[in-house]
file target-v3.pdb (PDB, C-alpha atoms)
MODEL        1
ATOM      1  CA  MET A   1      19.399  -8.386  14.710  1.00  0.00           C
ATOM      2  CA  TYR A   2      18.279  -5.247  12.908  1.00  0.00           C
ATOM      3  CA  GLU A   3      19.380  -1.835  14.153  1.00  0.00           C
ATOM      4  CA  ILE A   4      17.496   1.364  13.536  1.00  0.00           C
ATOM      5  CA  ASN A   5      19.619   4.422  14.216  1.00  0.00           C
ATOM      6  CA  LEU A   6      17.951   7.694  15.109  1.00  0.00           C
ATOM      7  CA  LYS A   7      20.110  10.826  15.492  1.00  0.00           C
ATOM      8  CA  ILE A   8      18.730  13.804  17.388  1.00  0.00           C
ATOM      9  CA  GLN A   9      20.278  16.867  18.973  1.00  0.00           C
ATOM     10  CA  ASP A  10      17.685  17.269  21.723  1.00  0.00           C
ATOM     11  CA  GLU A  11      15.165  14.864  23.242  1.00  0.00           C
ATOM     12  CA  LYS A  12      12.315  17.303  22.439  1.00  0.00           C
ATOM     13  CA  GLU A  13      12.815  16.500  18.721  1.00  0.00           C
ATOM     14  CA  LEU A  14      11.300  13.067  19.373  1.00  0.00           C
ATOM     15  CA  TYR A  15       7.957  14.390  20.591  1.00  0.00           C
ATOM     16  CA  ASN A  16       5.019  16.104  18.976  1.00  0.00           C
ATOM     17  CA  PRO A  17       5.514  19.845  19.597  1.00  0.00           C
ATOM     18  CA  PHE A  18       1.828  20.250  20.558  1.00  0.00           C
ATOM     19  CA  ASP A  19       2.001  17.608  23.292  1.00  0.00           C
ATOM     20  CA  GLU A  20       3.505  19.258  26.343  1.00  0.00           C
ATOM     21  CA  SER A  21       3.400  15.968  28.275  1.00  0.00           C
ATOM     22  CA  CYS A  22       5.868  14.447  25.738  1.00  0.00           C
ATOM     23  CA  ARG A  23       3.852  11.238  25.449  1.00  0.00           C
ATOM     24  CA  THR A  24       3.333  11.410  21.678  1.00  0.00           C
ATOM     25  CA  LEU A  25       6.108  10.818  19.187  1.00  0.00           C
ATOM     26  CA  ASN A  26       6.649  13.385  16.453  1.00  0.00           C
ATOM     27  CA  ASP A  27       4.969  12.400  13.157  1.00  0.00           C
ATOM     28  CA  ASN A  28       8.323  12.522  11.356  1.00  0.00           C
ATOM     29  CA  VAL A  29       9.814  10.117  13.892  1.00  0.00           C
ATOM     30  CA  SER A  30       6.786   7.796  13.614  1.00  0.00           C
ATOM     31  CA  ASP A  31       6.981   7.801   9.812  1.00  0.00           C
ATOM     32  CA  TYR A  32      10.719   7.153   9.888  1.00  0.00           C
ATOM     33  CA  LEU A  33      10.305   4.236  12.290  1.00  0.00           C
ATOM     34  CA  ALA A  34       7.436   2.770  10.249  1.00  0.00           C
ATOM     35  CA  GLY A  35       9.572   2.944   7.113  1.00  0.00           C
ATOM     36  CA  GLN A  36      12.510   1.285   8.848  1.00  0.00           C
ATOM     37  CA  TYR A  37      10.363  -1.458  10.367  1.00  0.00           C
ATOM     38  CA  GLY A  38       8.835  -2.107   6.967  1.00  0.00           C
ATOM     39  CA  LYS A  39      12.267  -2.980   5.565  1.00  0.00           C
ATOM     40  CA  LYS A  40      12.721  -5.986   7.817  1.00  0.00           C
ATOM     41  CA  GLY A  41      10.755  -9.134   8.481  1.00  0.00           C
ATOM     42  CA  ILE A  42       8.983  -9.572  11.772  1.00  0.00           C
ATOM     43  CA  SER A  43      11.249 -12.482  12.683  1.00  0.00           C
ATOM     44  CA  ASP A  44      14.272 -10.202  13.154  1.00  0.00           C
ATOM     45  CA  GLU A  45      15.132  -8.824  16.582  1.00  0.00           C
ATOM     46  CA  ILE A  46      14.955  -5.037  16.457  1.00  0.00           C
ATOM     47  CA  VAL A  47      17.129  -2.561  18.340  1.00  0.00           C
ATOM     48  CA  LEU A  48      16.321   1.144  18.226  1.00  0.00           C
ATOM     49  CA  LYS A  49      19.483   3.178  18.875  1.00  0.00           C
ATOM     50  CA  ILE A  50      18.860   6.802  19.706  1.00  0.00           C
ATOM     51  CA  LYS A  51      21.924   9.020  19.512  1.00  0.00           C
ATOM     52  CA  CYS A  52      21.485  12.329  21.292  1.00  0.00           C
ATOM     53  CA  ASP A  53      23.837  15.193  22.115  1.00  0.00           C
ATOM     54  CA  GLY A  54      21.967  16.204  25.273  1.00  0.00           C
ATOM     55  CA  PRO A  55      20.402  14.523  28.297  1.00  0.00           C
ATOM     56  CA  VAL A  56      17.652  11.972  27.647  1.00  0.00           C
ATOM     57  CA  ASN A  57      14.885  10.554  29.826  1.00  0.00           C
ATOM     58  CA  PHE A  58      14.752   6.881  28.885  1.00  0.00           C
ATOM     59  CA  GLU A  59      11.413   6.218  30.602  1.00  0.00           C
ATOM     60  CA  ARG A  60       9.716   9.085  28.769  1.00  0.00           C
ATOM     61  CA  ILE A  61      11.028   7.811  25.424  1.00  0.00           C
ATOM     62  CA  ARG A  62       9.922   4.262  26.215  1.00  0.00           C
ATOM     63  CA  GLY A  63       6.497   5.553  27.288  1.00  0.00           C
ATOM     64  CA  ALA A  64       6.048   7.542  24.060  1.00  0.00           C
ATOM     65  CA  PHE A  65       7.104   4.502  22.039  1.00  0.00           C
ATOM     66  CA  GLN A  66       4.608   2.315  23.940  1.00  0.00           C
ATOM     67  CA  GLU A  67       1.900   4.940  23.368  1.00  0.00           C
ATOM     68  CA  LEU A  68       2.571   4.794  19.624  1.00  0.00           C
ATOM     69  CA  ILE A  69       2.190   1.011  19.699  1.00  0.00           C
ATOM     70  CA  ARG A  70      -1.048   1.275  21.721  1.00  0.00           C
ATOM     71  CA  GLU A  71      -2.469   3.769  19.223  1.00  0.00           C
ATOM     72  CA  GLN A  72      -1.631   1.431  16.352  1.00  0.00           C
ATOM     73  CA  GLU A  73      -3.175  -1.526  18.193  1.00  0.00           C
ATOM     74  CA  VAL A  74      -6.409   0.415  18.710  1.00  0.00           C
ATOM     75  CA  HIS A  75      -6.419   1.451  15.045  1.00  0.00           C
ATOM     76  CA  ASN A  76      -5.797  -2.150  13.987  1.00  0.00           C
ATOM     77  CA  SER A  77      -8.569  -3.431  16.254  1.00  0.00           C
ATOM     78  CA  ASN A  78     -10.993  -0.838  14.899  1.00  0.00           C
ATOM     79  CA  GLN A  79     -10.040  -1.765  11.327  1.00  0.00           C
ATOM     80  CA  LYS A  80     -10.642  -5.436  12.075  1.00  0.00           C
ATOM     81  CA  ARG A  81     -14.093  -4.671  13.491  1.00  0.00           C
ATOM     82  CA  LEU A  82     -14.927  -2.408  10.538  1.00  0.00           C
ATOM     83  CA  ASN A  83     -13.831  -5.131   8.115  1.00  0.00           C
ATOM     84  CA  ARG A  84     -16.125  -7.645   9.813  1.00  0.00           C
ATOM     85  CA  ILE A  85     -19.090  -5.273   9.612  1.00  0.00           C
ATOM     86  CA  LYS A  86     -18.397  -4.422   5.958  1.00  0.00           C
ATOM     87  CA  GLN A  87     -17.938  -8.072   5.109  1.00  0.00           C
ATOM     88  CA  LEU A  88     -21.225  -9.118   6.682  1.00  0.00           C
ATOM     89  CA  TRP A  89     -23.087  -6.160   5.182  1.00  0.00           C
ATOM     90  CA  LEU A  90     -21.751  -6.776   1.657  1.00  0.00           C
ATOM     91  CA  LEU A  91     -22.406 -10.507   1.867  1.00  0.00           C
ATOM     92  CA  CYS A  92     -26.014  -9.944   2.959  1.00  0.00           C
ATOM     93  CA  ILE A  93     -26.604  -7.381   0.207  1.00  0.00           C
ATOM     94  CA  GLY A  94     -25.020  -9.699  -2.334  1.00  0.00           C
ATOM     95  CA  ILE A  95     -27.175 -12.653  -1.324  1.00  0.00           C
ATOM     96  CA  VAL A  96     -30.332 -10.525  -1.416  1.00  0.00           C
ATOM     97  CA  PHE A  97     -29.532  -9.173  -4.888  1.00  0.00           C
ATOM     98  CA  VAL A  98     -28.557 -12.565  -6.321  1.00  0.00           C
ATOM     99  CA  ALA A  99     -31.704 -14.125  -4.845  1.00  0.00           C
ATOM    100  CA  ALA A 100     -33.772 -11.251  -6.264  1.00  0.00           C
ATOM    101  CA  ALA A 101     -32.216 -11.816  -9.693  1.00  0.00           C
ATOM    102  CA  ILE A 102     -33.130 -15.503  -9.525  1.00  0.00           C
ATOM    103  CA  LEU A 103     -36.702 -14.779  -8.400  1.00  0.00           C
ATOM    104  CA  LEU A 104     -37.252 -11.992 -10.938  1.00  0.00           C
ATOM    105  CA  ASP A 105     -35.833 -13.950 -13.864  1.00  0.00           C
ATOM    106  CA  GLY A 106     -39.198 -14.645 -15.501  1.00  0.00           C
ATOM    107  CA  VAL A 107     -40.898 -11.413 -14.403  1.00  0.00           C
ATOM    108  CA  PHE A 108     -38.593  -8.791 -15.942  1.00  0.00           C
ATOM    109  CA  GLY A 109     -36.484  -8.722 -19.054  1.00  0.00           C
ATOM    110  CA  SER A 110     -32.982 -10.120 -19.104  1.00  0.00           C
ATOM    111  CA  VAL A 111     -31.184  -6.747 -18.850  1.00  0.00           C
ATOM    112  CA  PRO A 112     -32.651  -5.637 -15.469  1.00  0.00           C
ATOM    113  CA  VAL A 113     -32.213  -9.148 -14.065  1.00  0.00           C
ATOM    114  CA  GLU A 114     -28.584  -9.242 -15.222  1.00  0.00           C
ATOM    115  CA  LEU A 115     -27.922  -5.823 -13.668  1.00  0.00           C
ATOM    116  CA  ILE A 116     -29.387  -6.972 -10.342  1.00  0.00           C
ATOM    117  CA  SER A 117     -27.307 -10.157 -10.551  1.00  0.00           C
ATOM    118  CA  ILE A 118     -24.139  -8.181 -11.319  1.00  0.00           C
ATOM    119  CA  VAL A 119     -24.702  -5.882  -8.327  1.00  0.00           C
ATOM    120  CA  GLY A 120     -25.194  -8.927  -6.092  1.00  0.00           C
ATOM    121  CA  SER A 121     -22.146 -10.692  -7.478  1.00  0.00           C
ATOM    122  CA  PHE A 122     -20.053  -7.560  -7.035  1.00  0.00           C
ATOM    123  CA  ALA A 123     -21.133  -7.234  -3.392  1.00  0.00           C
ATOM    124  CA  VAL A 124     -20.254 -10.884  -2.705  1.00  0.00           C
ATOM    125  CA  TRP A 125     -16.899 -10.376  -4.453  1.00  0.00           C
ATOM    126  CA  GLU A 126     -16.111  -7.341  -2.289  1.00  0.00           C
ATOM    127  CA  ALA A 127     -16.932  -9.326   0.859  1.00  0.00           C
ATOM    128  CA  ALA A 128     -14.588 -12.074  -0.337  1.00  0.00           C
ATOM    129  CA  ASN A 129     -11.910  -9.469  -1.097  1.00  0.00           C
ATOM    130  CA  ILE A 130     -12.035  -8.259   2.501  1.00  0.00           C
ATOM    131  CA  TRP A 131     -11.742 -11.842   3.709  1.00  0.00           C
ATOM    132  CA  ILE A 132      -8.879 -12.729   1.326  1.00  0.00           C
ATOM    133  CA  VAL A 133      -6.897  -9.455   1.224  1.00  0.00           C
ATOM    134  CA  GLU A 134      -7.781  -7.086   4.071  1.00  0.00           C
ATOM    135  CA  ASN A 135      -8.110  -9.519   6.985  1.00  0.00           C
ATOM    136  CA  PRO A 136      -4.665 -11.094   6.457  1.00  0.00           C
ATOM    137  CA  ARG A 137      -3.217  -7.581   6.301  1.00  0.00           C
ATOM    138  CA  THR A 138      -4.671  -6.707   9.712  1.00  0.00           C
ATOM    139  CA  ARG A 139      -3.424 -10.025  11.161  1.00  0.00           C
ATOM    140  CA  LEU A 140       0.067  -9.243   9.879  1.00  0.00           C
ATOM    141  CA  ALA A 141      -0.144  -5.766  11.405  1.00  0.00           C
ATOM    142  CA  LYS A 142      -1.114  -7.334  14.736  1.00  0.00           C
ATOM    143  CA  ARG A 143       1.911  -9.666  14.636  1.00  0.00           C
ATOM    144  CA  THR A 144       4.153  -6.760  13.681  1.00  0.00           C
ATOM    145  CA  LEU A 145       2.885  -4.715  16.622  1.00  0.00           C
ATOM    146  CA  LYS A 146       3.665  -7.604  18.970  1.00  0.00           C
ATOM    147  CA  LYS A 147       7.203  -7.638  17.586  1.00  0.00           C
ATOM    148  CA  LEU A 148       7.507  -3.877  17.971  1.00  0.00           C
ATOM    149  CA  ASN A 149       6.505  -4.228  21.597  1.00  0.00           C
ATOM    150  CA  SER A 150       9.701  -6.230  22.176  1.00  0.00           C
ATOM    151  CA  THR A 151      11.939  -3.647  20.474  1.00  0.00           C
ATOM    152  CA  LYS A 152      14.980  -2.883  22.565  1.00  0.00           C
ATOM    153  CA  ILE A 153      15.701   0.831  22.933  1.00  0.00           C
ATOM    154  CA  VAL A 154      19.306   1.897  23.429  1.00  0.00           C
ATOM    155  CA  ILE A 155      20.356   5.477  24.205  1.00  0.00           C
ATOM    156  CA  GLU A 156      23.816   6.536  23.093  1.00  0.00           C
ATOM    157  CA  GLN A 157      24.914   9.729  24.841  1.00  0.00           C
ATOM    158  CA  SER A 158      26.616  10.862  27.989  1.00  0.00           C
ATOM    159  CA  ASP A 159      23.738  12.243  30.108  1.00  0.00           C
ATOM    160  CA  VAL A 160      20.930   9.717  30.661  1.00  0.00           C
ATOM    161  CA  VAL A 161      18.317  11.067  33.099  1.00  0.00           C
TER     162      VAL A 161
ENDMDL
END
call {"tool": "encode", "arguments": {"input": "target-v3.pdb", "output": "structure tokens"}}
result
Amino acid sequence: MYEINLKIQDEKELYNPFDESCRTLNDNVSDYLAGQYGKKGISDEIVLKIKCDGPVNFERIRGAFQELIREQEVHNSNQKRLNRIKQLWLLCIGIVFVAAAILLDGVFGSVPVELISIVGSFAVWEAANIWIVENPRTRLAKRTLKKLNSTKIVIEQSDVV
């Protein structure tokens, strides 16, 4: 079990000061949590302990935490879709340029044909890079978000609302 301790004086410190509905976590809190989650593997059970001097509304905190996870899930989903589009686009461009280099081999000199071939090869390489590097990163982020969804939140103070 991995504990993340968060010390605040007032519940309002957790929320973005511009969000009067208190449904959005403060950027500093989000960054702190992301840094703490990054230190542990996704196989560990996570407990978020919030220590507060004043009264705390557990449901509001849980809702803001869930909203943060939903935002990250949407961002991750959008990134996955963008990666697919970029991958397909780069692969198509790469194939067209490599095919053009093959077809133009006898028509133009070797330098222009090589440049066209290099551009095509680079595009195919970038598509492969997305497949090999970026897609596993988004899958890991998705698994991490599932783990975050099961994070247990514990409030340590005297006045729980």
call {"tool": "axis_aligned_box", "arguments": {"input": "target-v3.pdb", "around": "region 82-93 of chain A", "padding_each_side": "5 Å", "output": "JSON"}}
result
{"center_x": -20.2, "center_y": -6.5, "center_z": 5.4, "size_x": 22.8, "size_y": 18.1, "size_z": 20.3}
call {"tool": "atom_distance", "arguments": {"input": "target-v3.pdb", "atom1": "CA of Arg70 (chain A)", "atom2": "CA of Thr151 (chain A)"}}
result
13.9 Å
call {"tool": "atom_distance", "arguments": {"input": "target-v3.pdb", "atom1": "CA of Glu67 (chain A)", "atom2": "CA of Tyr15 (chain A)"}}
result
11.6 Å
call {"tool": "closest_residue", "arguments": {"input": "target-v3.pdb", "among": "A:Gln87, A:Asn16, A:Gln79, A:Ser150", "to": "Asn129 (chain A)", "atoms": "all atoms listed in the file"}}
result
A:Gln87
call {"tool": "atom_distance", "arguments": {"input": "target-v3.pdb", "atom1": "CA of Ala123 (chain A)", "atom2": "CA of Val74 (chain A)"}}
result
27.6 Å
call {"tool": "resolve_selection", "arguments": {"input": "target-v3.pdb", "expression": "the PyMOL selection byres ((chain A and resi 134) around 12)", "output": "PyMOL selection string"}}
result
chain A and resi 76+79-84+86-87+126-133+135-141
call {"tool": "write_last_selection", "arguments": {"input": "target-v3.pdb", "atoms": "C-alpha atoms", "output": "JSON list (two decimals), in the frame of the given file"}}
result
[["chain", "number", "residue", "atom", "x", "y", "z"],
["A", 76, "ASN", "CA", -5.80, -2.15, 13.99],
["A", 79, "GLN", "CA", -10.04, -1.76, 11.33],
["A", 80, "LYS", "CA", -10.64, -5.44, 12.08],
["A", 81, "ARG", "CA", -14.09, -4.67, 13.49],
["A", 82, "LEU", "CA", -14.93, -2.41, 10.54],
["A", 83, "ASN", "CA", -13.83, -5.13, 8.12],
["A", 84, "ARG", "CA", -16.12, -7.64, 9.81],
["A", 86, "LYS", "CA", -18.40, -4.42, 5.96],
["A", 87, "GLN", "CA", -17.94, -8.07, 5.11],
["A", 126, "GLU", "CA", -16.11, -7.34, -2.29],
["A", 127, "ALA", "CA", -16.93, -9.33, 0.86],
["A", 128, "ALA", "CA", -14.59, -12.07, -0.34],
["A", 129, "ASN", "CA", -11.91, -9.47, -1.10],
["A", 130, "ILE", "CA", -12.04, -8.26, 2.50],
["A", 131, "TRP", "CA", -11.74, -11.84, 3.71],
["A", 132, "ILE", "CA", -8.88, -12.73, 1.33],
["A", 133, "VAL", "CA", -6.90, -9.46, 1.22],
["A", 135, "ASN", "CA", -8.11, -9.52, 6.98],
["A", 136, "PRO", "CA", -4.66, -11.09, 6.46],
["A", 137, "ARG", "CA", -3.22, -7.58, 6.30],
["A", 138, "THR", "CA", -4.67, -6.71, 9.71],
["A", 139, "ARG", "CA", -3.42, -10.02, 11.16],
["A", 140, "LEU", "CA", 0.07, -9.24, 9.88],
["A", 141, "ALA", "CA", -0.14, -5.77, 11.40]]
call {"tool": "residues_around", "arguments": {"input": "target-v3.pdb", "residues": "Arg23 (chain A)", "least_positions_apart": "2", "cutoff": "12 Å", "atoms": "only C-alpha atoms", "output": "PyMOL selection string"}}
result
chain A and resi 12+14-21+25-26+57+59-71
call {"tool": "resolve_selection", "arguments": {"input": "target-v3.pdb", "expression": "the PyMOL selection byres ((chain A and resi 48) around 8)", "output": "list of chain:residue names"}}
result
A:Glu3, A:Ile4, A:Asn5, A:Leu6, A:Ile46, A:Val47, A:Lys49, A:Ile50, A:Thr151, A:Lys152, A:Ile153, A:Val154
call {"tool": "resolve_selection", "arguments": {"input": "target-v3.pdb", "expression": "the PyMOL selection byres ((chain A and resi 100) around 12)", "output": "list in words"}}
result
Ile93, Gly94, Ile95, Val96, Phe97, Val98, Ala99, Ala101, Ile102, Leu103, Leu104, Asp105, Gly106, Val107, Phe108, Pro112, Val113, Glu114, Leu115, Ile116, Ser117, Ile118, Val119, Gly120 and Ser121 of chain A
call {"tool": "residues_around", "arguments": {"input": "target-v3.pdb", "residues": "Leu145 (chain A)", "least_positions_apart": "3", "cutoff": "8 Å", "atoms": "all atoms listed in the file", "output": "ChimeraX atom specification"}}
result
/A:69,72-73,141-142,148-149
call {"tool": "closest_residue", "arguments": {"input": "target-v3.pdb", "among": "A:Gln36, A:Asn28, A:Gln9, A:Asn78", "to": "Gly54 (chain A)", "atoms": "all atoms listed in the file"}}
result
A:Gln9
call {"tool": "closest_residue", "arguments": {"input": "target-v3.pdb", "among": "A:Asp31, A:Thr144, A:Leu91, A:His75", "to": "Trp125 (chain A)", "atoms": "only C-alpha atoms"}}
result
A:Leu91
call {"tool": "build_atoms", "arguments": {"input": "target-v3.pdb", "residues": "region 6-31 of chain A", "atoms": "N, CA, C and O atoms", "output": "PDB file, keeping the file's coordinate frame"}}
result
ATOM      1  N   LEU A   6      18.680   6.433  15.116  1.00  0.00           N
ATOM      2  CA  LEU A   6      17.951   7.694  15.109  1.00  0.00           C
ATOM      3  C   LEU A   6      18.838   8.747  15.756  1.00  0.00           C
ATOM      4  O   LEU A   6      19.217   8.610  16.915  1.00  0.00           O
ATOM      5  N   LYS A   7      19.212   9.767  15.006  1.00  0.00           N
ATOM      6  CA  LYS A   7      20.110  10.826  15.492  1.00  0.00           C
ATOM      7  C   LYS A   7      19.302  12.079  15.764  1.00  0.00           C
ATOM      8  O   LYS A   7      18.599  12.578  14.886  1.00  0.00           O
ATOM      9  N   ILE A   8      19.405  12.562  17.004  1.00  0.00           N
ATOM     10  CA  ILE A   8      18.730  13.804  17.388  1.00  0.00           C
ATOM     11  C   ILE A   8      19.712  14.675  18.173  1.00  0.00           C
ATOM     12  O   ILE A   8      20.682  14.169  18.742  1.00  0.00           O
ATOM     13  N   GLN A   9      19.441  15.964  18.187  1.00  0.00           N
ATOM     14  CA  GLN A   9      20.278  16.867  18.973  1.00  0.00           C
ATOM     15  C   GLN A   9      19.701  17.080  20.364  1.00  0.00           C
ATOM     16  O   GLN A   9      20.426  17.263  21.322  1.00  0.00           O
ATOM     17  N   ASP A  10      18.359  17.034  20.456  1.00  0.00           N
ATOM     18  CA  ASP A  10      17.685  17.269  21.723  1.00  0.00           C
ATOM     19  C   ASP A  10      16.526  16.288  21.838  1.00  0.00           C
ATOM     20  O   ASP A  10      15.869  15.964  20.833  1.00  0.00           O
ATOM     21  N   GLU A  11      16.247  15.823  23.024  1.00  0.00           N
ATOM     22  CA  GLU A  11      15.165  14.864  23.242  1.00  0.00           C
ATOM     23  C   GLU A  11      13.819  15.392  22.755  1.00  0.00           C
ATOM     24  O   GLU A  11      12.985  14.639  22.265  1.00  0.00           O
ATOM     25  N   LYS A  12      13.592  16.694  22.853  1.00  0.00           N
ATOM     26  CA  LYS A  12      12.315  17.303  22.439  1.00  0.00           C
ATOM     27  C   LYS A  12      12.007  17.040  20.968  1.00  0.00           C
ATOM     28  O   LYS A  12      10.848  17.064  20.566  1.00  0.00           O
ATOM     29  N   GLU A  13      13.028  16.782  20.140  1.00  0.00           N
ATOM     30  CA  GLU A  13      12.815  16.500  18.721  1.00  0.00           C
ATOM     31  C   GLU A  13      12.003  15.229  18.511  1.00  0.00           C
ATOM     32  O   GLU A  13      11.380  15.054  17.473  1.00  0.00           O
ATOM     33  N   LEU A  14      12.024  14.327  19.490  1.00  0.00           N
ATOM     34  CA  LEU A  14      11.300  13.067  19.373  1.00  0.00           C
ATOM     35  C   LEU A  14       9.790  13.233  19.516  1.00  0.00           C
ATOM     36  O   LEU A  14       9.028  12.417  19.014  1.00  0.00           O
ATOM     37  N   TYR A  15       9.360  14.274  20.193  1.00  0.00           N
ATOM     38  CA  TYR A  15       7.957  14.390  20.591  1.00  0.00           C
ATOM     39  C   TYR A  15       7.199  15.396  19.730  1.00  0.00           C
ATOM     40  O   TYR A  15       7.771  16.335  19.183  1.00  0.00           O
ATOM     41  N   ASN A  16       5.902  15.179  19.677  1.00  0.00           N
ATOM     42  CA  ASN A  16       5.019  16.104  18.976  1.00  0.00           C
ATOM     43  C   ASN A  16       5.092  17.453  19.688  1.00  0.00           C
ATOM     44  O   ASN A  16       4.899  17.523  20.904  1.00  0.00           O
ATOM     45  N   PRO A  17       5.344  18.544  18.947  1.00  0.00           N
ATOM     46  CA  PRO A  17       5.514  19.845  19.597  1.00  0.00           C
ATOM     47  C   PRO A  17       4.240  20.364  20.287  1.00  0.00           C
ATOM     48  O   PRO A  17       4.319  21.235  21.141  1.00  0.00           O
ATOM     49  N   PHE A  18       3.082  19.809  19.947  1.00  0.00           N
ATOM     50  CA  PHE A  18       1.828  20.250  20.558  1.00  0.00           C
ATOM     51  C   PHE A  18       1.503  19.487  21.838  1.00  0.00           C
ATOM     52  O   PHE A  18       0.599  19.863  22.570  1.00  0.00           O
ATOM     53  N   ASP A  19       2.237  18.426  22.109  1.00  0.00           N
ATOM     54  CA  ASP A  19       2.001  17.608  23.292  1.00  0.00           C
ATOM     55  C   ASP A  19       3.005  17.985  24.375  1.00  0.00           C
ATOM     56  O   ASP A  19       4.146  17.537  24.367  1.00  0.00           O
ATOM     57  N   GLU A  20       2.572  18.801  25.309  1.00  0.00           N
ATOM     58  CA  GLU A  20       3.505  19.258  26.343  1.00  0.00           C
ATOM     59  C   GLU A  20       3.855  18.160  27.343  1.00  0.00           C
ATOM     60  O   GLU A  20       4.840  18.268  28.052  1.00  0.00           O
ATOM     61  N   SER A  21       3.078  17.075  27.373  1.00  0.00           N
ATOM     62  CA  SER A  21       3.400  15.968  28.275  1.00  0.00           C
ATOM     63  C   SER A  21       4.486  15.057  27.695  1.00  0.00           C
ATOM     64  O   SER A  21       4.976  14.181  28.392  1.00  0.00           O
ATOM     65  N   CYS A  22       4.830  15.245  26.427  1.00  0.00           N
ATOM     66  CA  CYS A  22       5.868  14.447  25.738  1.00  0.00           C
ATOM     67  C   CYS A  22       5.534  12.958  25.743  1.00  0.00           C
ATOM     68  O   CYS A  22       6.394  12.112  25.958  1.00  0.00           O
ATOM     69  N   ARG A  23       4.270  12.635  25.502  1.00  0.00           N
ATOM     70  CA  ARG A  23       3.852  11.238  25.449  1.00  0.00           C
ATOM     71  C   ARG A  23       3.562  10.787  24.017  1.00  0.00           C
ATOM     72  O   ARG A  23       3.277   9.619  23.792  1.00  0.00           O
ATOM     73  N   THR A  24       3.632  11.719  23.071  1.00  0.00           N
ATOM     74  CA  THR A  24       3.333  11.410  21.678  1.00  0.00           C
ATOM     75  C   THR A  24       4.565  11.654  20.823  1.00  0.00           C
ATOM     76  O   THR A  24       5.131  12.746  20.852  1.00  0.00           O
ATOM     77  N   LEU A  25       4.957  10.652  20.065  1.00  0.00           N
ATOM     78  CA  LEU A  25       6.108  10.818  19.187  1.00  0.00           C
ATOM     79  C   LEU A  25       5.769  11.760  18.032  1.00  0.00           C
ATOM     80  O   LEU A  25       4.636  11.798  17.556  1.00  0.00           O
ATOM     81  N   ASN A  26       6.767  12.490  17.593  1.00  0.00           N
ATOM     82  CA  ASN A  26       6.649  13.385  16.453  1.00  0.00           C
ATOM     83  C   ASN A  26       6.248  12.551  15.224  1.00  0.00           C
ATOM     84  O   ASN A  26       6.704  11.428  15.051  1.00  0.00           O
ATOM     85  N   ASP A  27       5.408  13.116  14.349  1.00  0.00           N
ATOM     86  CA  ASP A  27       4.969  12.400  13.157  1.00  0.00           C
ATOM     87  C   ASP A  27       6.140  11.992  12.270  1.00  0.00           C
ATOM     88  O   ASP A  27       6.138  10.913  11.679  1.00  0.00           O
ATOM     89  N   ASN A  28       7.150  12.858  12.166  1.00  0.00           N
ATOM     90  CA  ASN A  28       8.323  12.522  11.356  1.00  0.00           C
ATOM     91  C   ASN A  28       9.055  11.314  11.928  1.00  0.00           C
ATOM     92  O   ASN A  28       9.522  10.448  11.189  1.00  0.00           O
ATOM     93  N   VAL A  29       9.162  11.256  13.242  1.00  0.00           N
ATOM     94  CA  VAL A  29       9.814  10.117  13.892  1.00  0.00           C
ATOM     95  C   VAL A  29       8.983   8.854  13.661  1.00  0.00           C
ATOM     96  O   VAL A  29       9.522   7.798  13.310  1.00  0.00           O
ATOM     97  N   SER A  30       7.668   8.947  13.830  1.00  0.00           N
ATOM     98  CA  SER A  30       6.786   7.796  13.614  1.00  0.00           C
ATOM     99  C   SER A  30       6.894   7.283  12.190  1.00  0.00           C
ATOM    100  O   SER A  30       6.984   6.073  11.960  1.00  0.00           O
ATOM    101  N   ASP A  31       6.876   8.194  11.218  1.00  0.00           N
ATOM    102  CA  ASP A  31       6.981   7.801   9.812  1.00  0.00           C
ATOM    103  C   ASP A  31       8.329   7.144   9.525  1.00  0.00           C
ATOM    104  O   ASP A  31       8.410   6.154   8.795  1.00  0.00           O
TER     105      ASP A  31
END
